[in-house]
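Next comes query-v4.tsv, a file with TSV, C-alpha atoms.
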```
chain	number	residue	atom	x	y	z
V	1	MET	CA	-12.64	-1.68	29.09
V	2	SER	CA	-16.28	-2.80	28.99
V	3	ASN	CA	-19.09	-1.00	27.19
V	4	SER	CA	-21.73	-2.52	29.52
V	5	SER	CA	-22.46	0.84	31.21
V	6	ASN	CA	-23.38	2.35	27.85
V	7	PRO	CA	-24.29	-0.19	25.18
V	8	HIS	CA	-24.75	2.44	22.46
V	9	VAL	CA	-21.09	2.96	21.64
V	10	GLU	CA	-18.65	1.47	19.17
V	11	SER	CA	-17.16	-1.93	19.88
V	12	THR	CA	-14.00	-2.10	21.94
V	13	ARG	CA	-12.44	-4.03	19.04
V	14	VAL	CA	-12.74	-0.96	16.80
V	15	ALA	CA	-12.28	1.67	19.51
V	16	CYS	CA	-8.71	0.55	20.19
V	17	ILE	CA	-7.64	0.93	16.55
V	18	GLN	CA	-5.94	4.09	15.34
V	19	ALA	CA	-8.09	6.44	13.27
V	20	PRO	CA	-7.08	6.60	9.58
V	21	ILE	CA	-4.53	9.40	9.38
V	22	ILE	CA	-5.32	10.57	5.84
V	23	PRO	CA	-8.79	11.95	6.76
V	24	ILE	CA	-7.38	13.57	9.92
V	25	VAL	CA	-4.75	15.46	7.94
V	26	GLY	CA	-7.37	16.14	5.27
V	27	GLU	CA	-9.61	17.90	7.79
V	28	LEU	CA	-6.71	20.09	8.93
V	29	THR	CA	-5.92	20.87	5.31
V	30	HIS	CA	-9.48	21.85	4.45
V	31	ALA	CA	-9.61	24.06	7.52
V	32	ASN	CA	-6.65	26.03	6.14
V	33	PRO	CA	-7.54	27.06	2.57
V	34	GLY	CA	-4.61	27.32	0.20
V	35	THR	CA	-2.73	24.44	1.81
V	36	ILE	CA	-0.80	22.25	-0.62
V	37	SER	CA	-1.09	18.59	0.36
V	38	LEU	CA	1.91	16.28	0.11
V	39	GLY	CA	-0.13	13.70	1.97
V	40	GLN	CA	-2.28	11.33	-0.03
V	41	GLY	CA	-0.61	8.62	-2.09
V	42	VAL	CA	-2.34	8.90	-5.46
V	43	VAL	CA	-1.24	9.75	-8.98
V	44	SER	CA	-2.35	12.90	-10.79
V	45	TYR	CA	-3.81	11.15	-13.85
V	46	GLY	CA	-6.87	9.01	-14.52
V	47	PRO	CA	-7.40	5.69	-16.31
V	48	PRO	CA	-6.39	5.09	-19.93
V	49	PRO	CA	-8.84	5.71	-22.82
V	50	GLN	CA	-9.29	1.97	-23.27
V	51	SER	CA	-11.03	1.84	-19.88
V	52	HIS	CA	-13.64	4.34	-21.03
V	53	GLU	CA	-14.17	2.35	-24.24
V	54	TYR	CA	-14.96	-0.78	-22.23
V	55	ILE	CA	-17.37	1.18	-20.06
V	56	ASN	CA	-19.18	2.45	-23.16
V	57	THR	CA	-19.97	-1.13	-24.19
V	58	PHE	CA	-20.74	-2.30	-20.65
V	59	ALA	CA	-24.37	-1.16	-20.57
V	60	ALA	CA	-25.28	-2.93	-23.81
V	61	ASN	CA	-25.31	-6.32	-22.07
V	62	PRO	CA	-28.17	-6.61	-19.55
V	63	ASN	CA	-26.33	-9.44	-17.80
V	64	ASN	CA	-23.61	-6.99	-16.71
V	65	HIS	CA	-26.06	-5.44	-14.25
V	66	LYS	CA	-26.46	-8.68	-12.31
V	67	TYR	CA	-24.21	-10.22	-9.69
V	68	GLN	CA	-21.19	-11.94	-11.20
V	69	LEU	CA	-18.72	-14.51	-9.88
V	70	VAL	CA	-17.38	-13.82	-6.40
V	71	GLN	CA	-13.77	-14.16	-7.57
V	72	GLY	CA	-14.15	-11.92	-10.65
V	73	ILE	CA	-15.42	-12.07	-14.22
V	74	PRO	CA	-13.66	-14.70	-16.38
V	75	GLU	CA	-12.38	-12.17	-18.91
V	76	LEU	CA	-10.57	-10.16	-16.26
V	77	LEU	CA	-9.21	-13.24	-14.50
V	78	SER	CA	-7.73	-14.37	-17.82
V	79	ALA	CA	-6.21	-10.94	-18.50
V	80	ILE	CA	-4.68	-10.85	-15.02
V	81	GLN	CA	-3.20	-14.31	-15.47
V	82	ASP	CA	-1.55	-13.17	-18.72
V	83	LYS	CA	-0.17	-10.08	-16.96
V	84	LEU	CA	1.20	-12.13	-14.07
V	85	SER	CA	2.91	-14.54	-16.43
V	86	ASN	CA	4.43	-11.81	-18.61
V	87	GLU	CA	5.41	-9.29	-15.94
V	88	ASN	CA	5.80	-11.14	-12.63
V	89	ALA	CA	6.93	-14.60	-13.77
V	90	ILE	CA	3.96	-16.03	-11.84
V	91	VAL	CA	2.21	-18.82	-13.72
V	92	VAL	CA	-1.30	-19.28	-12.36
V	93	GLU	CA	-2.00	-22.98	-12.57
V	94	GLY	CA	-2.13	-25.98	-10.29
V	95	LYS	CA	-1.84	-24.67	-6.75
V	96	LYS	CA	-2.43	-20.97	-7.53
V	97	GLN	CA	-5.65	-18.99	-7.93
V	98	VAL	CA	-6.43	-15.35	-8.82
V	99	VAL	CA	-9.19	-13.47	-7.01
V	100	VAL	CA	-10.29	-9.98	-8.07
V	101	THR	CA	-10.97	-7.67	-5.13
V	102	ALA	CA	-12.23	-4.16	-4.42
V	103	GLY	CA	-8.69	-2.80	-4.20
V	104	SER	CA	-5.68	-4.43	-2.54
V	105	ASN	CA	-6.86	-3.22	0.89
V	106	MET	CA	-9.71	-5.68	0.57
V	107	ALA	CA	-7.28	-8.34	-0.63
V	108	PHE	CA	-5.26	-7.90	2.55
V	109	ASN	CA	-8.38	-8.14	4.73
V	110	ASN	CA	-9.40	-11.28	2.85
V	111	ALA	CA	-6.01	-12.82	3.51
V	112	ILE	CA	-5.96	-12.08	7.24
V	113	LEU	CA	-9.49	-13.37	7.81
V	114	ALA	CA	-8.74	-16.51	5.79
V	115	ILE	CA	-5.51	-17.55	7.52
V	116	ALA	CA	-5.68	-16.25	11.11
V	117	ASP	CA	-7.77	-16.81	14.22
V	118	PRO	CA	-8.27	-14.34	17.09
V	119	GLY	CA	-5.06	-14.10	19.09
V	120	ASP	CA	-2.81	-15.12	16.19
V	121	GLU	CA	0.13	-12.89	15.25
V	122	ILE	CA	1.12	-11.26	11.97
V	123	ILE	CA	4.66	-9.87	11.62
V	124	LEU	CA	4.80	-6.34	10.20
V	125	PRO	CA	8.22	-4.81	9.46
V	126	ALA	CA	8.12	-1.11	10.35
V	127	PRO	CA	7.51	1.18	8.68
V	128	TYR	CA	4.31	-0.58	7.70
V	129	TYR	CA	1.20	0.50	5.79
V	130	PHE	CA	-1.20	1.67	8.48
V	131	ASN	CA	-4.27	-0.04	6.97
V	132	HIS	CA	-2.45	-3.38	7.33
V	133	GLU	CA	-2.01	-2.82	11.06
V	134	MET	CA	-5.64	-1.74	11.36
V	135	ALA	CA	-6.92	-4.80	9.49
V	136	ILE	CA	-4.93	-7.17	11.69
V	137	SER	CA	-6.27	-5.56	14.85
V	138	MET	CA	-9.86	-5.57	13.56
V	139	ALA	CA	-9.54	-9.33	13.06
V	140	ASN	CA	-8.66	-9.60	16.78
V	141	CYS	CA	-5.15	-10.63	15.84
V	142	THR	CA	-1.89	-9.11	17.07
V	143	PRO	CA	0.45	-7.13	14.81
V	144	ARG	CA	4.03	-8.00	15.79
V	145	ILE	CA	5.99	-4.90	14.83
V	146	VAL	CA	9.60	-5.58	13.83
V	147	PRO	CA	11.99	-2.70	13.08
V	148	THR	CA	13.88	-2.51	9.80
V	149	ASP	CA	17.50	-1.34	9.59
V	150	GLU	CA	18.66	2.30	9.32
V	151	ALA	CA	18.00	2.28	5.56
V	152	HIS	CA	14.52	0.76	6.16
V	153	GLN	CA	15.59	-2.54	4.62
V	154	LEU	CA	14.36	-5.83	6.07
V	155	ASP	CA	16.17	-7.18	9.13
V	156	TYR	CA	16.01	-10.96	8.66
V	157	ASP	CA	17.36	-11.82	12.11
V	158	ALA	CA	14.85	-9.53	13.84
V	159	ILE	CA	11.99	-11.01	11.83
V	160	GLU	CA	13.05	-14.57	12.59
V	161	ALA	CA	13.38	-13.74	16.29
V	162	ALA	CA	9.82	-12.37	16.33
V	163	ILE	CA	8.25	-15.68	15.25
V	164	THR	CA	6.22	-17.40	17.97
V	165	SER	CA	3.86	-20.35	18.12
V	166	ARG	CA	1.00	-17.94	17.25
V	167	THR	CA	2.64	-16.42	14.17
V	168	LYS	CA	0.64	-16.95	10.97
V	169	ALA	CA	2.29	-14.68	8.41
V	170	ILE	CA	5.05	-12.22	7.57
V	171	VAL	CA	4.07	-9.16	5.53
V	172	THR	CA	6.38	-7.39	3.08
V	173	ILE	CA	5.64	-4.29	0.99
V	174	SER	CA	8.01	-3.65	-1.90
V	175	PRO	CA	8.31	-1.02	-3.24
V	176	ASN	CA	7.44	0.24	0.19
V	177	ASN	CA	4.80	2.59	1.44
V	178	PRO	CA	5.78	4.78	3.30
V	179	SER	CA	9.57	4.62	2.88
V	180	GLY	CA	9.90	4.27	-0.89
V	181	VAL	CA	12.48	1.52	-0.30
V	182	VAL	CA	12.72	-1.39	-2.74
V	183	TYR	CA	13.58	-4.60	-0.90
V	184	SER	CA	16.36	-6.64	-2.48
V	185	THR	CA	15.56	-9.85	-4.31
V	186	SER	CA	17.82	-11.75	-1.93
V	187	SER	CA	16.00	-10.50	1.18
V	188	LEU	CA	12.57	-11.30	-0.26
V	189	ARG	CA	13.79	-14.76	-1.24
V	190	ALA	CA	15.08	-15.27	2.30
V	191	ILE	CA	11.79	-14.20	3.89
V	192	ASN	CA	9.82	-16.41	1.55
V	193	GLU	CA	12.01	-19.39	2.40
V	194	LEU	CA	11.70	-18.60	6.10
V	195	CYS	CA	7.93	-18.69	5.74
V	196	ARG	CA	8.07	-22.00	3.88
V	197	SER	CA	10.38	-23.62	6.43
V	198	ARG	CA	8.34	-22.39	9.41
V	199	SER	CA	4.90	-23.13	7.86
V	200	LEU	CA	3.93	-19.47	7.70
V	201	TYR	CA	2.31	-17.42	4.96
V	202	HIS	CA	4.24	-14.72	3.13
V	203	ILE	CA	1.88	-11.83	2.29
V	204	SER	CA	3.63	-9.82	-0.42
V	205	ASP	CA	2.05	-6.41	-1.12
V	206	GLU	CA	3.17	-5.26	-4.57
V	207	ALA	CA	0.83	-2.31	-5.23
V	208	TYR	CA	3.77	-0.13	-6.36
V	209	GLU	CA	5.41	-2.78	-8.54
V	210	TYR	CA	6.03	-0.45	-11.52
V	211	PHE	CA	7.35	2.51	-9.53
V	212	THR	CA	11.11	1.91	-9.43
V	213	TYR	CA	14.00	4.26	-10.22
V	214	ASP	CA	17.78	4.42	-10.54
V	215	GLY	CA	18.10	0.84	-11.72
V	216	ALA	CA	16.11	-0.72	-8.87
V	217	LYS	CA	14.16	-3.84	-9.84
V	218	HIS	CA	10.88	-5.14	-8.48
V	219	PHE	CA	10.73	-8.82	-7.54
V	220	SER	CA	7.65	-10.98	-6.94
V	221	PRO	CA	8.25	-13.69	-4.31
V	222	GLY	CA	5.28	-15.60	-5.75
V	223	SER	CA	7.44	-16.44	-8.76
V	224	LEU	CA	9.74	-18.67	-6.68
V	225	PRO	CA	9.56	-22.41	-7.48
V	226	ASN	CA	8.36	-23.53	-4.03
V	227	ALA	CA	6.16	-20.53	-3.24
V	228	SER	CA	2.72	-21.81	-4.29
V	229	ASP	CA	1.50	-23.23	-0.97
V	230	HIS	CA	2.40	-20.32	1.29
V	231	THR	CA	2.63	-17.08	-0.75
V	232	ILE	CA	-0.21	-14.54	-1.02
V	233	SER	CA	0.58	-11.80	-3.53
V	234	LEU	CA	-1.42	-8.55	-3.56
V	235	TYR	CA	-1.73	-6.14	-6.50
V	236	SER	CA	-3.64	-2.97	-7.33
V	237	LEU	CA	-4.68	-0.94	-10.37
V	238	SER	CA	-5.09	2.16	-8.18
V	239	LYS	CA	-1.58	3.52	-8.63
V	240	ALA	CA	-0.10	2.88	-12.08
V	241	TYR	CA	-3.45	2.99	-13.87
V	242	GLY	CA	-4.97	5.99	-12.06
V	243	PHE	CA	-7.73	3.70	-10.79
V	244	ALA	CA	-7.92	4.76	-7.13
V	245	SER	CA	-11.67	5.37	-6.89
V	246	TRP	CA	-12.58	2.45	-9.16
V	247	ARG	CA	-11.52	-0.01	-6.43
V	248	ILE	CA	-10.00	-2.88	-8.38
V	249	GLY	CA	-7.15	-4.99	-7.08
V	250	TYR	CA	-6.41	-8.68	-7.10
V	251	MET	CA	-4.65	-11.37	-5.16
V	252	VAL	CA	-2.80	-14.54	-6.08
V	253	ILE	CA	-3.48	-17.14	-3.41
V	254	PRO	CA	-2.75	-20.79	-2.71
V	255	ARG	CA	-5.74	-22.61	-4.18
V	256	HIS	CA	-6.49	-24.26	-0.83
V	257	LEU	CA	-7.52	-20.81	0.49
V	258	LEU	CA	-10.11	-20.20	-2.24
V	259	PRO	CA	-13.14	-21.57	-0.33
V	260	ALA	CA	-12.34	-19.33	2.65
V	261	ILE	CA	-11.67	-16.27	0.49
V	262	LYS	CA	-14.94	-16.78	-1.39
V	263	LYS	CA	-16.88	-16.97	1.90
V	264	ILE	CA	-15.29	-13.71	3.09
V	265	GLN	CA	-15.69	-11.81	-0.17
V	266	ASP	CA	-19.26	-13.00	-0.75
V	267	THR	CA	-20.22	-11.84	2.75
V	268	ILE	CA	-18.63	-8.39	2.47
V	269	LEU	CA	-18.94	-7.59	-1.24
V	270	ILE	CA	-20.70	-10.40	-3.16
V	271	CYS	CA	-18.58	-9.56	-6.19
V	272	PRO	CA	-16.15	-6.78	-7.16
V	273	PRO	CA	-17.92	-3.87	-8.96
V	274	VAL	CA	-18.60	-5.28	-12.41
V	275	ILE	CA	-18.39	-1.98	-14.25
V	276	SER	CA	-14.96	-1.39	-12.69
V	277	GLN	CA	-13.87	-4.88	-13.74
V	278	HIS	CA	-14.72	-4.03	-17.34
V	279	ALA	CA	-12.79	-0.78	-17.02
V	280	ALA	CA	-9.88	-2.81	-15.65
V	281	LEU	CA	-9.94	-4.93	-18.82
V	282	GLY	CA	-9.29	-1.75	-20.77
V	283	ALA	CA	-6.49	-0.74	-18.42
V	284	LEU	CA	-4.69	-4.06	-18.75
V	285	GLU	CA	-5.15	-3.90	-22.52
V	286	ALA	CA	-3.36	-0.53	-22.49
V	287	GLY	CA	-0.66	-1.99	-20.26
V	288	LYS	CA	2.89	-0.72	-20.32
V	289	THR	CA	2.27	1.68	-23.19
V	290	PHE	CA	0.10	3.64	-20.74
V	291	TRP	CA	1.95	3.53	-17.44
V	292	ASP	CA	5.56	3.48	-18.61
V	293	PRO	CA	5.68	7.10	-19.91
V	294	LYS	CA	3.77	8.23	-16.82
V	295	ILE	CA	6.35	6.70	-14.50
V	296	LYS	CA	9.25	8.04	-16.58
V	297	ALA	CA	7.74	11.51	-16.22
V	298	LEU	CA	7.36	10.91	-12.49
V	299	ALA	CA	11.05	10.00	-12.29
V	300	ALA	CA	11.86	13.53	-13.50
V	301	VAL	CA	9.52	14.95	-10.85
V	302	ARG	CA	11.31	12.83	-8.26
V	303	GLN	CA	14.62	14.38	-9.28
V	304	MET	CA	13.20	17.85	-8.66
V	305	VAL	CA	11.92	16.81	-5.23
V	306	THR	CA	15.28	15.26	-4.36
V	307	LYS	CA	17.07	18.47	-5.33
V	308	GLU	CA	14.72	20.67	-3.28
V	309	LEU	CA	15.10	18.43	-0.24
V	310	THR	CA	18.87	18.90	-0.22
V	311	ALA	CA	18.12	22.22	1.48
V	312	LEU	CA	17.31	20.16	4.60
V	313	GLU	CA	20.85	18.82	4.94
V	314	GLY	CA	21.99	19.44	8.49
V	315	THR	CA	18.39	19.90	9.64
V	316	ALA	CA	16.79	16.59	8.70
V	317	SER	CA	17.73	13.32	7.01
V	318	ILE	CA	15.99	11.58	4.12
V	319	ALA	CA	16.19	7.82	3.70
V	320	PRO	CA	17.30	6.56	0.26
V	321	ALA	CA	14.20	5.68	-1.75
V	322	GLN	CA	14.24	3.93	-5.12
V	323	GLY	CA	10.56	3.12	-5.41
V	324	ALA	CA	6.92	4.13	-4.97
V	325	PHE	CA	6.45	7.92	-4.77
V	326	TYR	CA	7.32	8.76	-1.19
V	327	PHE	CA	10.16	10.07	0.91
V	328	LEU	CA	10.53	9.68	4.67
V	329	VAL	CA	12.01	12.73	6.37
V	330	LYS	CA	13.53	12.20	9.82
V	331	LEU	CA	13.85	15.19	12.14
V	332	PRO	CA	16.69	15.32	14.68
V	333	HIS	CA	14.42	15.90	17.67
V	334	ASN	CA	11.67	13.93	19.40
V	335	ALA	CA	8.81	16.27	18.66
V	336	ASP	CA	5.32	14.82	18.25
V	337	PRO	CA	5.06	14.43	14.45
V	338	LEU	CA	1.41	15.51	14.53
V	339	ASP	CA	2.52	18.79	16.14
V	340	VAL	CA	4.93	19.26	13.25
V	341	ILE	CA	2.13	18.56	10.78
V	342	LYS	CA	-0.10	21.15	12.45
V	343	HIS	CA	2.76	23.67	12.32
V	344	LEU	CA	3.32	23.00	8.62
V	345	ILE	CA	-0.36	23.37	7.77
V	346	THR	CA	-1.23	26.40	9.89
V	347	ARG	CA	2.02	28.35	9.45
V	348	HIS	CA	3.26	27.29	6.01
V	349	GLN	CA	0.18	25.89	4.26
V	350	VAL	CA	1.67	22.53	3.38
V	351	ALA	CA	0.59	19.09	4.61
V	352	ALA	CA	2.44	15.81	5.12
V	353	ILE	CA	1.72	12.57	7.00
V	354	PRO	CA	3.18	11.75	10.42
V	355	GLY	CA	5.48	8.72	10.47
V	356	SER	CA	3.91	7.51	13.71
V	357	ALA	CA	0.94	6.30	11.64
V	358	PHE	CA	3.31	3.83	9.98
V	359	GLY	CA	4.77	2.48	13.23
V	360	LEU	CA	7.78	4.85	13.37
V	361	ARG	CA	7.66	6.00	16.97
V	362	ASP	CA	11.32	5.99	17.99
V	363	ALA	CA	11.92	9.34	16.26
V	364	CYS	CA	10.03	12.11	14.47
V	365	TYR	CA	9.34	11.07	10.87
V	366	LEU	CA	7.17	12.65	8.19
V	367	ARG	CA	6.07	11.08	4.90
V	368	ILE	CA	5.75	13.21	1.79
V	369	ALA	CA	4.16	12.04	-1.47
V	370	TYR	CA	5.03	13.55	-4.84
V	371	ALA	CA	2.77	11.96	-7.48
V	372	ALA	CA	-0.55	13.74	-7.02
V	373	LEU	CA	0.22	17.35	-7.97
V	374	PRO	CA	1.13	19.32	-11.09
V	375	PHE	CA	4.86	20.08	-11.28
V	376	ASN	CA	4.67	23.77	-10.26
V	377	ASP	CA	2.29	23.13	-7.36
V	378	LEU	CA	4.48	20.29	-6.13
V	379	GLN	CA	7.63	22.40	-6.30
V	380	GLU	CA	5.91	25.16	-4.35
V	381	GLY	CA	4.71	22.60	-1.81
V	382	ILE	CA	8.18	21.12	-1.33
V	383	GLN	CA	9.66	24.59	-0.86
V	384	ARG	CA	7.01	25.39	1.76
V	385	PHE	CA	7.77	22.06	3.44
V	386	VAL	CA	11.49	22.85	3.62
V	387	GLU	CA	10.79	26.31	5.04
V	388	GLY	CA	8.37	24.85	7.56
V	389	ILE	CA	10.85	22.23	8.78
V	390	HIS	CA	13.53	24.89	9.18
V	391	SER	CA	11.19	27.17	11.12
V	392	PHE	CA	9.96	24.37	13.39
V	393	SER	CA	13.51	23.30	14.14
V	394	THR	CA	14.41	26.80	15.31
V	395	THR	CA	11.40	27.26	17.60
```

Take the structure in this file and express it as structure tokens.
Amino acid sequence: MSNSSNPHVESTRVACIQAPIIPIVGELTHANPGTISLGQGVVSYGPPPQSHEYINTFAANPNNHKYQLVQGIPELLSAIQDKLSNENAIVVEGKKQVVVTAGSNMAFNNAILAIADPGDEIILPAPYYFNHEMAISMANCTPRIVPTDEAHQLDYDAIEAAITSRTKAIVTISPNNPSGVVYSTSSLRAINELCRSRSLYHISDEAYEYFTYDGAKHFSPGSLPNASDHTISLYSLSKAYGFASWRIGYMVIPRHLLPAIKKIQDTILICPPVISQHAALGALEAGKTFWDPKIKALAAVRQMVTKELTALEGTASIAPAQGAFYFLVKLPHNADPLDVIKHLITRHQVAAIPGSAFGLRDACYLRIAYAALPFNDLQEGIQRFVEGIHSFSTT
């Protein structure tokens, strides 16, 4: 559809992209005071004390107030490389390069713009993270949506069948947002090898790498011996370190992509916020001693949520989830999930996110998040959610 009749409108490229669902649900929530939100995927705590200590010394150096390297300050790049070696078995040398970004959303945008041309295709297993689908479309590329199996695990055969001459990459998110599923090491190895053999990139989003439960293990495909040339690994400090608004993430890329990534990042950002990079140094210094007890405490919260959701047996089904801090709830009818959300907010004062935003359109799914609220508020919110689902199902 052309805008020639009225030139003062948004571009058709952007107009055809779904609106971000979090602000939409947020507006409904704010319009109904007292609503408990199970929507946004953030943790309830802030950064470690070490981050504040680094900020306190930041202003003393006048050079810190000037533009810094596009790919990140050397101290942070070095700290990230140590973390990757110790925690992900990724050794950054030779064909690999680290780039600091303004969150892993920016890292994903960098990757798509660096590897794909308009009309190229990126394979997204559904459920997918909605900002990934939006970024692909904004780059005038085509998201090829491939369903996962009934447990939301990767379907290798379906992914392989979706590859065409225009395919540039396969995206995996593990632990997964929105399903909370942790993909098996064997399936991630298989996808990485598929990408290598078909000359595709494997974009591995690992923002929730520390959030695993019940013996599940996170695996980084970038650690594989032959992964250097085709694997793009994305990470974030937003979740485990309570860094959401500080906007620091990073990507491990094949070194041959560095010139392209630097062009993109310099154009959009120049350099990641330098004060946030210094705060990130403090966060990585704190490391596991900071996030490990937080995630252990969250595991106990998860048990409470799991117990409360058993009240939905016979009314809805919940996919097994061993990672992140989400559950996907599937309703047995084909109601518009946004209608269910409106019912929950206006009648029961609790908010969730519709699964349709994540590419789940064959049934009515809702995503609930359980990391952002104090225990008592969360328990009350889950109880309201259960009541709301029961009442909607009987109307």

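Each of V:Gln40, V:Ser223, V:Gly359, V:Pro254 was checked against Pro23 of chain V using only C-alpha atoms; the smallest atom-to-atom distance is that of V:Gln40.
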
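Excluding segment 268-274 of chain V itself and any same-chain residue fewer than 6 positions from it, the protein and nucleic acid residues within 8 Å of it, counting all atoms listed in the file, are Asn64, His65, Tyr67, Gln68, Leu69, Val70, Gln71, Gly72, Ile73, Val100, Thr101, Ala102, Arg247 and Ile248 of chain V.
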
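Computed from the coordinates, the atom CA of Lys288 of chain V to atom CA of Glu209 of chain V distance equals 12.2 Å.
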
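In this model, the gap between atom CA of Leu76 of chain V and atom CA of Asn105 of chain V comes to 18.9 Å.
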
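Take the candidates V:Ile264, V:Gly215, V:Asn63, V:Val350 and check each one against His30 of chain V using all atoms listed in the file; the shortest distance goes to V:Val350.
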
| said: Residues proximal to (6.4, 17.3, 12.8) were defined as those with any atom within 12 Å of that point in the file's coordinates, counting all atoms listed in the file. Which are they, as a PyMOL selection string? | reply: chain V and resi 316+328-345+350-356+363-368+385-386+388-393

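Coordinates place atom CA of Ala227 of chain V at a distance of 7.5 Å from atom CA of Arg196 of chain V.
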